[in-house]
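Data block for input_12.txt (compact mmCIF, C-alpha atoms):
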```txt
# COMPACT_ATOMS: atom_id res chain seq x y z
CA MET Q 23 0.00 0.00 0.00
CA LYS Q 24 1.26 3.42 -0.93
CA LYS Q 25 1.81 5.98 1.78
CA LEU Q 26 -0.97 8.57 2.15
CA LYS Q 27 -0.13 12.10 1.01
CA SER Q 28 -0.11 14.91 3.59
CA THR Q 29 -3.12 16.77 2.27
CA LEU Q 30 -5.36 18.59 4.72
CA PRO Q 31 -8.39 16.23 4.44
CA ASN Q 32 -6.12 13.18 4.73
CA MET Q 33 -4.47 14.50 7.85
CA ALA Q 34 -7.74 15.51 9.48
CA ILE Q 35 -9.44 12.20 8.73
CA VAL Q 36 -6.53 10.04 9.87
CA LEU Q 37 -5.98 11.93 13.14
CA THR Q 38 -9.70 11.89 13.92
CA LEU Q 39 -9.99 8.19 13.18
CA ILE Q 40 -7.00 7.32 15.36
CA SER Q 41 -8.30 9.45 18.23
CA VAL Q 42 -11.82 8.02 18.03
CA LEU Q 43 -10.49 4.46 17.95
CA ALA Q 44 -8.16 5.12 20.88
CA GLY Q 45 -11.00 6.76 22.82
CA GLY Q 46 -13.27 3.77 22.22
CA ILE Q 47 -10.66 1.27 23.34
CA LEU Q 48 -9.88 3.31 26.46
CA ALA Q 49 -13.58 3.53 27.36
CA TYR Q 50 -13.85 -0.24 27.07
CA VAL Q 51 -10.76 -0.92 29.23
CA ASN Q 52 -12.02 1.60 31.75
CA SER Q 53 -15.36 -0.16 32.03
CA VAL Q 54 -13.58 -3.47 32.61
CA THR Q 55 -11.12 -2.23 35.24
CA LYS Q 56 -13.40 0.22 37.07
CA GLY Q 57 -15.00 -2.49 39.20
CA PRO Q 58 -11.81 -4.16 40.45
CA ILE Q 59 -10.18 -0.77 41.17
CA ALA Q 60 -13.14 0.40 43.28
CA GLN Q 61 -13.28 -2.95 45.07
CA LEU Q 62 -9.58 -2.79 45.85
CA LYS Q 63 -9.89 0.71 47.30
CA GLU Q 64 -12.80 -0.37 49.49
CA LYS Q 65 -10.95 -3.44 50.68
CA ASN Q 66 -7.83 -1.39 51.48
CA LEU Q 67 -9.91 1.04 53.48
CA ALA Q 68 -11.75 -1.75 55.33
CA ASP Q 69 -8.43 -3.47 56.12
CA GLY Q 70 -6.96 -0.15 57.22
CA ILE Q 71 -9.82 0.57 59.60
CA LYS Q 72 -9.48 -2.90 61.11
CA ALA Q 73 -5.72 -2.50 61.49
CA VAL Q 74 -5.82 0.92 63.15
CA LEU Q 75 -8.54 -0.13 65.58
CA ASN Q 76 -6.76 -3.39 66.44
CA ALA Q 77 -9.86 -5.43 65.79
CA GLN Q 78 -10.34 -8.58 63.75
CA ASP Q 79 -13.93 -7.85 62.87
CA LEU Q 80 -15.97 -4.75 63.36
CA LYS Q 81 -18.96 -2.99 61.95
CA VAL Q 82 -18.75 0.42 60.34
CA GLN Q 83 -21.88 2.06 61.65
CA ASP Q 84 -21.54 5.45 60.10
CA SER Q 85 -19.12 7.48 58.07
CA LYS Q 86 -19.14 11.19 57.48
CA THR Q 87 -17.01 13.79 55.80
CA LEU Q 88 -16.22 16.94 57.74
CA ASP Q 89 -15.75 20.41 56.30
CA ALA Q 90 -11.98 20.22 56.77
CA GLY Q 91 -11.90 17.18 54.48
CA ASP Q 92 -11.42 14.66 57.27
CA VAL Q 93 -13.47 11.48 57.01
CA LEU Q 94 -14.74 9.71 60.14
CA TYR Q 95 -15.58 6.01 60.20
CA ILE Q 96 -17.55 5.30 63.34
CA THR Q 97 -17.51 1.62 64.31
CA ASP Q 98 -18.53 -0.44 67.31
CA LYS Q 99 -14.86 -0.72 68.34
CA GLY Q 100 -13.95 2.96 68.10
CA THR Q 101 -13.55 5.60 65.46
CA ALA Q 102 -11.09 5.76 62.57
CA VAL Q 103 -10.29 9.16 61.13
CA LYS Q 104 -8.75 9.78 57.72
CA THR Q 105 -6.96 13.09 57.53
CA ILE Q 106 -4.61 14.86 55.11
CA THR Q 107 -1.78 17.30 55.89
CA ASN Q 108 1.18 18.62 53.98
CA GLY Q 109 4.28 16.58 54.57
CA PHE Q 110 7.79 17.30 53.35
CA GLY Q 111 7.25 16.03 49.83
CA GLY Q 112 3.51 16.50 49.34
CA ALA Q 113 0.19 15.41 50.76
CA LEU Q 114 0.41 13.00 53.69
CA THR Q 115 -2.74 10.93 54.21
CA VAL Q 116 -3.04 9.19 57.56
CA LEU Q 117 -5.72 6.92 58.99
CA VAL Q 118 -5.84 7.03 62.81
CA GLY Q 119 -7.90 4.86 65.11
CA PHE Q 120 -9.22 6.17 68.45
CA ASP Q 121 -11.09 4.28 71.14
CA ASN Q 122 -14.08 6.02 72.71
CA ASP Q 123 -11.87 7.90 75.21
CA GLY Q 124 -9.67 9.31 72.48
CA ASN Q 125 -6.67 7.04 73.05
CA ILE Q 126 -4.76 6.25 69.86
CA GLN Q 127 -5.29 2.59 68.95
CA GLY Q 128 -3.20 2.55 65.84
CA TYR Q 129 -2.43 4.38 62.64
CA GLN Q 130 -1.58 3.78 59.03
CA VAL Q 131 0.02 6.04 56.47
CA LEU Q 132 -2.25 5.61 53.45
CA GLU Q 133 -0.49 7.87 50.97
CA HIS Q 134 2.70 9.87 51.16
CA ALA Q 135 5.43 11.43 49.06
CA GLU Q 136 8.15 11.58 51.70
CA THR Q 137 11.85 10.99 51.09
CA PRO Q 138 12.64 7.26 50.86
CA GLY Q 139 14.82 6.14 53.76
CA LEU Q 140 14.03 9.27 55.77
CA GLY Q 141 10.49 10.60 56.07
CA ALA Q 142 9.05 7.52 54.41
CA LYS Q 143 9.82 5.67 57.64
CA ALA Q 144 6.77 7.34 59.24
CA GLY Q 145 4.75 4.20 58.55
CA ASP Q 146 6.82 2.23 61.09
CA TRP Q 147 8.46 4.85 63.28
CA PHE Q 148 5.44 5.76 65.41
CA GLN Q 149 4.06 2.22 65.78
CA LYS Q 150 3.92 0.36 69.06
CA ASP Q 151 7.33 -0.35 70.64
CA ALA Q 152 9.10 1.58 67.89
CA LYS Q 153 11.25 4.62 68.67
CA GLY Q 154 8.51 7.22 68.32
CA ASP Q 155 5.71 5.10 69.83
CA ILE Q 156 2.47 7.10 69.97
CA ILE Q 157 0.08 4.17 70.47
CA GLY Q 158 -2.02 4.55 73.61
CA LYS Q 159 -1.34 8.27 73.89
CA ASN Q 160 -4.26 10.67 74.08
CA PRO Q 161 -3.89 13.93 72.10
CA GLY Q 162 -6.68 15.40 74.22
CA GLU Q 163 -4.60 15.29 77.40
CA LYS Q 164 -1.48 16.67 75.79
CA GLU Q 165 -1.09 17.65 72.19
CA LEU Q 166 1.49 15.47 70.48
CA THR Q 167 4.68 17.32 69.52
CA VAL Q 168 8.23 16.25 68.73
CA SER Q 169 10.84 16.53 71.48
CA LYS Q 170 12.51 19.40 69.62
CA ASP Q 171 9.32 21.43 70.13
CA GLY Q 172 9.06 20.46 73.80
CA GLY Q 173 6.89 17.38 73.30
CA ASP Q 174 7.56 13.80 74.24
CA VAL Q 175 7.57 12.06 70.87
CA ASP Q 176 10.93 11.26 69.29
CA ALA Q 177 11.06 12.61 65.76
CA ILE Q 178 12.30 10.43 62.90
CA THR Q 179 16.06 10.89 62.62
CA ALA Q 180 16.81 13.68 60.13
CA SER Q 181 13.11 14.08 59.27
CA THR Q 182 11.72 16.61 61.70
CA ILE Q 183 9.44 18.19 59.10
CA THR Q 184 7.80 14.89 58.24
CA SER Q 185 7.46 14.08 61.95
CA ARG Q 186 5.85 17.44 62.67
CA ALA Q 187 3.45 17.02 59.74
CA PHE Q 188 2.60 13.53 60.89
CA LEU Q 189 1.87 14.59 64.47
CA LEU Q 190 -0.15 17.53 63.16
CA ALA Q 191 -2.23 15.04 61.20
CA ILE Q 192 -2.80 12.99 64.36
CA ASN Q 193 -3.77 16.10 66.36
CA ASN Q 194 -6.13 17.23 63.59
CA ALA Q 195 -7.68 13.80 63.42
CA TYR Q 196 -8.26 13.95 67.16
CA LYS Q 197 -9.93 17.35 66.85
CA SER Q 198 -12.24 16.03 64.14
CA PHE Q 199 -12.99 13.04 66.33
CA LYS Q 200 -13.78 15.27 69.33
CA ASN Q 201 -15.91 17.71 67.32
CA ALA Q 202 -17.93 14.85 65.93
CA GLU Q 203 -18.43 13.40 69.38
CA VAL Q 204 -20.29 16.51 70.52
CA ALA Q 205 -23.05 15.48 68.18
CA ALA Q 206 -22.61 11.82 69.07
CA PRO Q 207 -25.85 11.01 70.95
CA ALA Q 208 -27.88 11.75 67.85
CA ILE Q 209 -25.66 9.47 65.76
CA GLU Q 210 -25.83 6.61 68.21
CA GLU Q 211 -29.59 6.69 68.26
CA LYS Q 212 -29.69 6.68 64.52
CA THR Q 213 -27.36 3.70 64.18
CA VAL Q 214 -29.28 1.65 66.70
CA SER Q 215 -32.66 2.22 65.14
CA ALA Q 216 -31.62 2.11 61.51
CA GLU Q 217 -30.16 -1.37 61.36
CA PRO Q 218 -30.57 -2.10 57.66
CA ALA Q 219 -28.53 0.98 56.91
CA THR Q 220 -25.49 -0.33 58.78
CA GLU Q 221 -22.61 -1.37 56.66
CA GLU Q 222 -20.54 -4.39 57.40
CA THR Q 223 -16.89 -4.55 56.52
CA THR Q 224 -15.88 -7.71 54.75
CA ASN Q 225 -14.31 -10.29 57.02
CA GLU Q 226 -11.66 -11.96 54.97
CA MET M 13 19.16 -7.44 9.50
CA SER M 14 17.89 -10.67 11.04
CA ASN M 15 15.36 -10.52 13.86
CA PHE M 16 17.88 -11.94 16.29
CA LYS M 17 20.32 -9.17 15.44
CA VAL M 18 17.57 -6.59 15.87
CA PHE M 19 16.81 -8.06 19.30
CA MET M 20 20.46 -8.09 20.43
CA ASN M 21 20.92 -4.59 19.10
CA GLY M 22 18.57 -3.18 21.75
CA LEU M 23 19.72 -5.54 24.47
CA VAL M 24 23.45 -4.75 24.21
CA LYS M 25 24.82 -2.85 21.24
CA GLU M 26 22.47 0.13 21.38
CA ASN M 27 21.25 -0.33 24.92
CA PRO M 28 18.88 2.61 25.55
CA THR M 29 20.23 3.35 29.03
CA PHE M 30 23.95 2.58 28.85
CA VAL M 31 24.66 3.47 25.23
CA LEU M 32 21.97 5.79 23.87
CA LEU M 33 21.35 7.44 27.27
CA LEU M 34 17.64 7.78 26.50
CA GLY M 35 14.85 7.92 29.07
CA MET M 36 17.02 9.23 31.89
CA CYS M 37 14.09 10.60 33.90
CA PRO M 38 12.48 7.24 34.79
CA THR M 39 15.95 5.69 34.96
CA LEU M 40 17.01 8.01 37.76
CA GLY M 41 13.59 8.37 39.36
CA THR M 42 12.38 4.79 39.75
CA THR M 43 15.54 2.85 40.50
CA SER M 44 15.50 3.31 44.28
CA SER M 45 15.26 -0.49 44.54
CA ALA M 46 15.85 -3.43 42.22
CA PHE M 47 12.15 -4.32 42.24
CA ASN M 48 11.07 -0.80 41.30
CA GLY M 49 13.62 -0.63 38.50
CA MET M 50 12.51 -3.97 37.13
CA SER M 51 8.80 -3.06 37.29
CA MET M 52 9.45 0.19 35.45
CA GLY M 53 11.49 -1.65 32.82
CA LEU M 54 8.83 -4.28 32.24
CA ALA M 55 6.04 -1.69 32.10
CA THR M 56 8.01 0.24 29.50
CA THR M 57 8.74 -2.95 27.56
CA ALA M 58 5.02 -3.77 27.37
CA VAL M 59 4.20 -0.33 26.00
CA LEU M 60 7.18 -0.35 23.64
CA VAL M 61 6.36 -3.74 22.10
CA PHE M 62 2.72 -2.85 21.44
CA SER M 63 3.44 0.68 20.23
CA ASN M 64 6.09 -0.66 17.83
CA ILE M 65 3.73 -3.30 16.41
CA ILE M 66 0.77 -0.95 16.04
CA ILE M 67 2.79 1.86 14.52
CA SER M 68 4.50 -0.38 11.99
CA LEU M 69 1.08 -1.77 10.99
CA ILE M 70 -0.52 1.64 10.48
CA LYS M 71 2.56 3.49 9.17
CA ASN M 72 1.22 3.66 5.62
CA VAL M 73 -2.11 5.28 6.45
CA ILE M 74 -0.49 8.04 8.50
CA PRO M 75 0.43 11.13 6.44
CA ASP M 76 3.99 12.24 7.20
CA MET M 77 3.05 15.65 8.54
CA VAL M 78 0.84 14.29 11.33
CA ARG M 79 2.93 11.24 12.24
CA ILE M 80 4.18 12.56 15.61
CA PRO M 81 0.70 13.40 16.99
CA SER M 82 -0.58 10.05 15.68
CA PHE M 83 2.27 8.17 17.39
CA ILE M 84 1.67 10.05 20.63
CA VAL M 85 -2.05 9.18 20.62
CA VAL M 86 -1.21 5.49 20.13
CA ILE M 87 1.46 5.53 22.86
CA ALA M 88 -0.67 7.53 25.31
CA SER M 89 -3.60 5.14 24.86
CA LEU M 90 -1.36 2.14 25.51
CA VAL M 91 0.07 3.75 28.63
CA THR M 92 -3.40 4.60 29.95
CA ILE M 93 -4.52 1.01 29.39
CA LEU M 94 -1.40 -0.23 31.19
CA GLN M 95 -2.04 2.16 34.07
CA MET M 96 -5.64 1.01 34.53
CA VAL M 97 -4.69 -2.67 34.29
CA LEU M 98 -1.85 -2.29 36.81
CA GLN M 99 -4.09 -0.36 39.19
CA ALA M 100 -6.77 -3.02 39.02
CA TYR M 101 -4.71 -6.20 39.10
CA VAL M 102 -1.16 -5.41 40.36
CA PRO M 103 -1.70 -2.61 42.92
CA THR M 104 1.73 -3.04 44.57
CA VAL M 105 3.50 -2.20 41.31
CA TYR M 106 1.07 0.63 40.65
CA GLU M 107 1.78 2.15 44.06
CA SER M 108 5.56 1.88 43.87
CA LEU M 109 5.77 3.41 40.38
CA GLY M 110 3.11 6.06 41.00
CA LEU M 111 3.57 9.11 38.82
CA PHE M 112 6.14 7.41 36.61
CA ILE M 113 3.55 5.25 34.83
CA PRO M 114 1.79 8.14 33.04
CA LEU M 115 5.24 9.57 32.31
CA ILE M 116 6.02 6.55 30.11
CA VAL M 117 4.08 8.46 27.43
CA VAL M 118 6.88 10.97 27.07
CA ASN M 119 9.69 8.45 27.44
CA CYS M 120 12.00 9.23 24.52
CA ILE M 121 12.84 5.57 23.96
CA ILE M 122 9.29 4.80 22.89
CA LEU M 123 8.77 7.72 20.53
CA GLY M 124 12.37 7.31 19.39
CA ARG M 125 11.87 3.67 18.38
CA ALA M 126 8.52 4.48 16.74
CA GLU M 127 10.18 7.15 14.66
CA ALA M 128 13.52 5.46 13.97
CA PHE M 129 12.46 1.84 13.60
CA ALA M 130 8.75 1.00 13.56
CA ALA M 131 7.90 3.64 10.97
CA LYS M 132 10.33 2.04 8.51
CA ASN M 133 10.19 -1.68 9.24
CA SER M 134 7.76 -4.60 9.24
CA ALA M 135 5.59 -5.49 12.23
CA VAL M 136 7.62 -8.62 13.03
CA SER M 137 11.00 -6.93 13.17
CA SER M 138 9.40 -4.02 15.06
CA LEU M 139 8.22 -6.54 17.65
CA PHE M 140 11.78 -7.80 18.09
CA ASP M 141 13.12 -4.27 18.23
CA GLY M 142 10.58 -3.41 20.95
CA LEU M 143 11.46 -6.54 22.92
CA GLY M 144 15.20 -5.94 22.63
CA MET M 145 15.05 -2.27 23.52
CA GLY M 146 12.54 -2.88 26.30
CA LEU M 147 14.49 -5.72 27.89
CA GLY M 148 17.71 -3.76 27.44
CA PHE M 149 16.07 -0.94 29.38
CA THR M 150 14.80 -3.45 31.96
CA TRP M 151 18.14 -5.08 32.74
CA ALA M 152 19.83 -1.69 32.90
CA LEU M 153 17.22 -0.37 35.36
CA THR M 154 17.30 -3.57 37.42
CA LEU M 155 21.09 -3.41 37.65
CA LEU M 156 21.02 0.25 38.63
CA GLY M 157 18.20 -0.39 41.12
CA ALA M 158 20.04 -3.35 42.65
CA THR M 159 23.24 -1.33 42.98
CA ARG M 160 21.46 1.55 44.68
CA GLU M 161 19.41 -0.70 46.94
CA PHE M 162 22.52 -2.69 47.93
CA LEU M 163 24.68 0.34 48.69
CA GLY M 164 21.86 2.28 50.30
CA THR M 165 20.08 -0.31 52.43
CA GLY M 166 22.15 -3.48 52.26
CA LYS M 167 19.43 -5.40 50.45
CA ILE M 168 18.86 -6.70 46.94
CA PHE M 169 15.23 -7.50 46.03
CA ASP M 170 14.46 -7.08 49.76
CA PHE M 171 16.92 -9.86 50.59
CA THR M 172 19.21 -8.57 53.35
CA ILE M 173 22.92 -8.85 52.68
CA PHE M 174 24.22 -6.53 55.39
CA PRO M 175 22.36 -4.63 58.15
CA GLU M 176 20.55 -1.48 57.03
CA GLU M 177 22.41 0.72 59.57
CA TYR M 178 25.62 0.42 57.55
CA GLY M 179 23.98 1.43 54.27
CA MET M 180 24.79 4.72 52.57
CA LEU M 181 21.40 6.37 52.44
CA LEU M 182 22.71 8.76 49.77
CA PHE M 183 22.39 6.03 47.15
CA VAL M 184 18.64 5.65 47.68
CA LEU M 185 18.19 9.40 47.18
CA ALA M 186 18.45 11.31 43.90
CA PRO M 187 22.16 12.29 44.06
CA GLY M 188 23.08 8.64 44.54
CA ALA M 189 21.21 7.81 41.36
CA PHE M 190 23.51 10.06 39.35
CA ILE M 191 26.65 8.72 41.05
CA ALA M 192 25.64 5.07 40.62
CA LEU M 193 24.59 5.64 36.99
CA GLY M 194 27.90 7.34 36.23
CA TYR M 195 29.98 4.46 37.56
CA LEU M 196 27.78 1.82 35.93
CA LEU M 197 28.07 3.66 32.59
CA ALA M 198 31.84 3.67 32.89
CA ILE M 199 31.98 -0.03 33.78
CA VAL M 200 29.52 -1.16 31.09
CA ASN M 201 31.25 0.84 28.38
CA LYS M 202 34.64 -0.50 29.43
CA ILE M 203 33.31 -4.05 29.15
CA ARG M 204 31.55 -3.32 25.86
CA LYS M 205 34.71 -1.98 24.24
CA ALA M 206 36.92 -4.78 25.53
```

Could I get this structure in the form of structure tokens?
Amino acid sequence: MKKLKSTLPNMAIVLTLISVLAGGILAYVNSVTKGPIAQLKEKNLADGIKAVLNAQDLKVQDSKTLDAGDVLYITDKGTAVKTITNGFGGALTVLVGFDNDGNIQGYQVLEHAETPGLGAKAGDWFQKDAKGDIIGKNPGEKELTVSKDGGDVDAITASTITSRAFLLAINNAYKSFKNAEVAAPAIEEKTVSAEPATEETTNE
Amino acid sequence: MSNFKVFMNGLVKENPTFVLLLGMCPTLGTTSSAFNGMSMGLATTAVLVFSNIIISLIKNVIPDMVRIPSFIVVIASLVTILQMVLQAYVPTVYESLGLFIPLIVVNCIILGRAEAFAAKNSAVSSLFDGLGMGLGFTWALTLLGATREFLGTGKIFDFTIFPEEYGMLLFVLAPGAFIALGYLLAIVNKIRKA
């Protein structure tokens, strides 16, 4: 087959055809992968909530999004709060679990863009029995700050900015948790009476 | 040129990373560990093979003056498909590569091979060219990733060789990428010329 000449109609038709074809194929692939991607996200979130609340199985009774962008997942074992702050390299998304008194049950760094080998250690650094252990602490009694700022949490070595951002996220999450609790009686009543509306996390 | 020669050309003689020095952005950005480097290499290989085949098949219906936009549409579609498939079925790879997957679109190796090879050759030899170039890119990235991971954290493919405390963190960070790449380039070119 001879090569097509670069006339205006030829060029317009070929480019349009290629784009339409590509668009069609992309739409098809998107429709195939949309389901699994959404499922995966849900499963990750459900697993995350279970992990930060230290519970094998629990029921998510209610979830709500606050004005600040924080999302609360109220369960029968406590409340998990998803919050976003600015870390050293970009947005830092943390999921924190509180029991009903506001004690930290656990946390998970969901998304981050911190420096590998330095700030990226945040996922392990503040866990139980690690150097910057924050599990069991209550931000309501004393706001969490790094030792450099007069607090009692050891910052990640050479990553004070990430550590500060991380603790800020925890403190913010606590505030969201507390603010939501003010309106708690109404929520509790609702979840008790409206049983069909309760959501159950998958127990896998 | 036989298909085998075309394949070896990309793998060794005109290796995109060590000889042509193409695609330096993902090379430096994703090789913080051997696994990341290998994933990036394989993802690029997949796109390169398909883009080479498709472009060599449709080369005659594309008028010369719009060939670059046409190639880019083909490559961008393939990358988007790859991104969605990885996100749905291999989330660990998707998470570790992050932003670098959409950036495969502008990887000069892919457009370079489309322009320099696929637009002039048959689909079969374009397939071998894509495979050779892609795997050449993959082994180069895996080697660089393994070197950086080993020097930086004492591990290769997460297998501990010496304790992490003695690692030189520099090599996991960006400056270490340049240093490691420079030395590897020198070594590989020495071997190649010998």

Define the interface residues of chain M facing chain Q as those within 6 Å, counting all atoms listed in the file, and report them as JSON, numbers by chain.
{"M": [72, 73, 75, 77, 100]}

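Minimum distance to Val200 of chain M across M:Leu147, M:Ile70, M:Leu156, M:Ile80 (counting all atoms listed in the file) occurs at M:Leu156.
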
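The coordinates place atom CA of Phe169 of chain M at 5.8 Å from atom CA of Phe47 of chain M.
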
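Straight-line separation from atom CA of Asn76 of chain Q to atom CA of Lys99 of chain Q: 8.7 Å.
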
Straight-line distance linking atom CA of Glu176 of chain M with atom CA of Ile156 of chain Q, stated in Å to one decimal:
23.8 Å

For Ile106 of chain Q, which residue among Q:His134, Q:Ile178, Q:Glu64, Q:Lys86 is the nearest when counting all atoms listed in the file?
Q:His134

Residues within 9 Å of Gly100 of chain Q, all atoms listed in the file, excluding chain neighbours under 6 positions, as a list of chain:residue names
Q:Leu75, Q:Gly119, Q:Phe120, Q:Asp121, Q:Asn122, Q:Asp123, Q:Gly124, Q:Gln127

Nearby residues (only C-alpha atoms) at most 12 Å from Ala142 of chain Q, same-chain spacing under 2 positions excluded, as a PyMOL selection string:
(chain Q and resi 109-112+114+131-140+144-148+178-185+188) or (chain M and resi 184-185)

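Taking all atoms listed in the file into account, the polymer residues that have an atom no farther than 8 Å from (10.5, 1.9, 25.1) are Thr56, Thr57, Val59, Leu60, Val61, Asn119, Cys120, Ile121, Ile122, Leu123, Arg125, Gly142, Met145, Gly146 and Phe149 of chain M.
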
Find the spatial neighbours of Ile168 of chain M, counting all atoms listed in the file, within a cut-off of 7 Å - ignore same-chain residues fewer than 5 positions away - and output them as a count of residues only.
4

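With distances restricted to all atoms listed in the file, M:Val118 is the closest residue to Ile84 of chain M from M:Met96, M:Ile113, M:Asn64, M:Val118.
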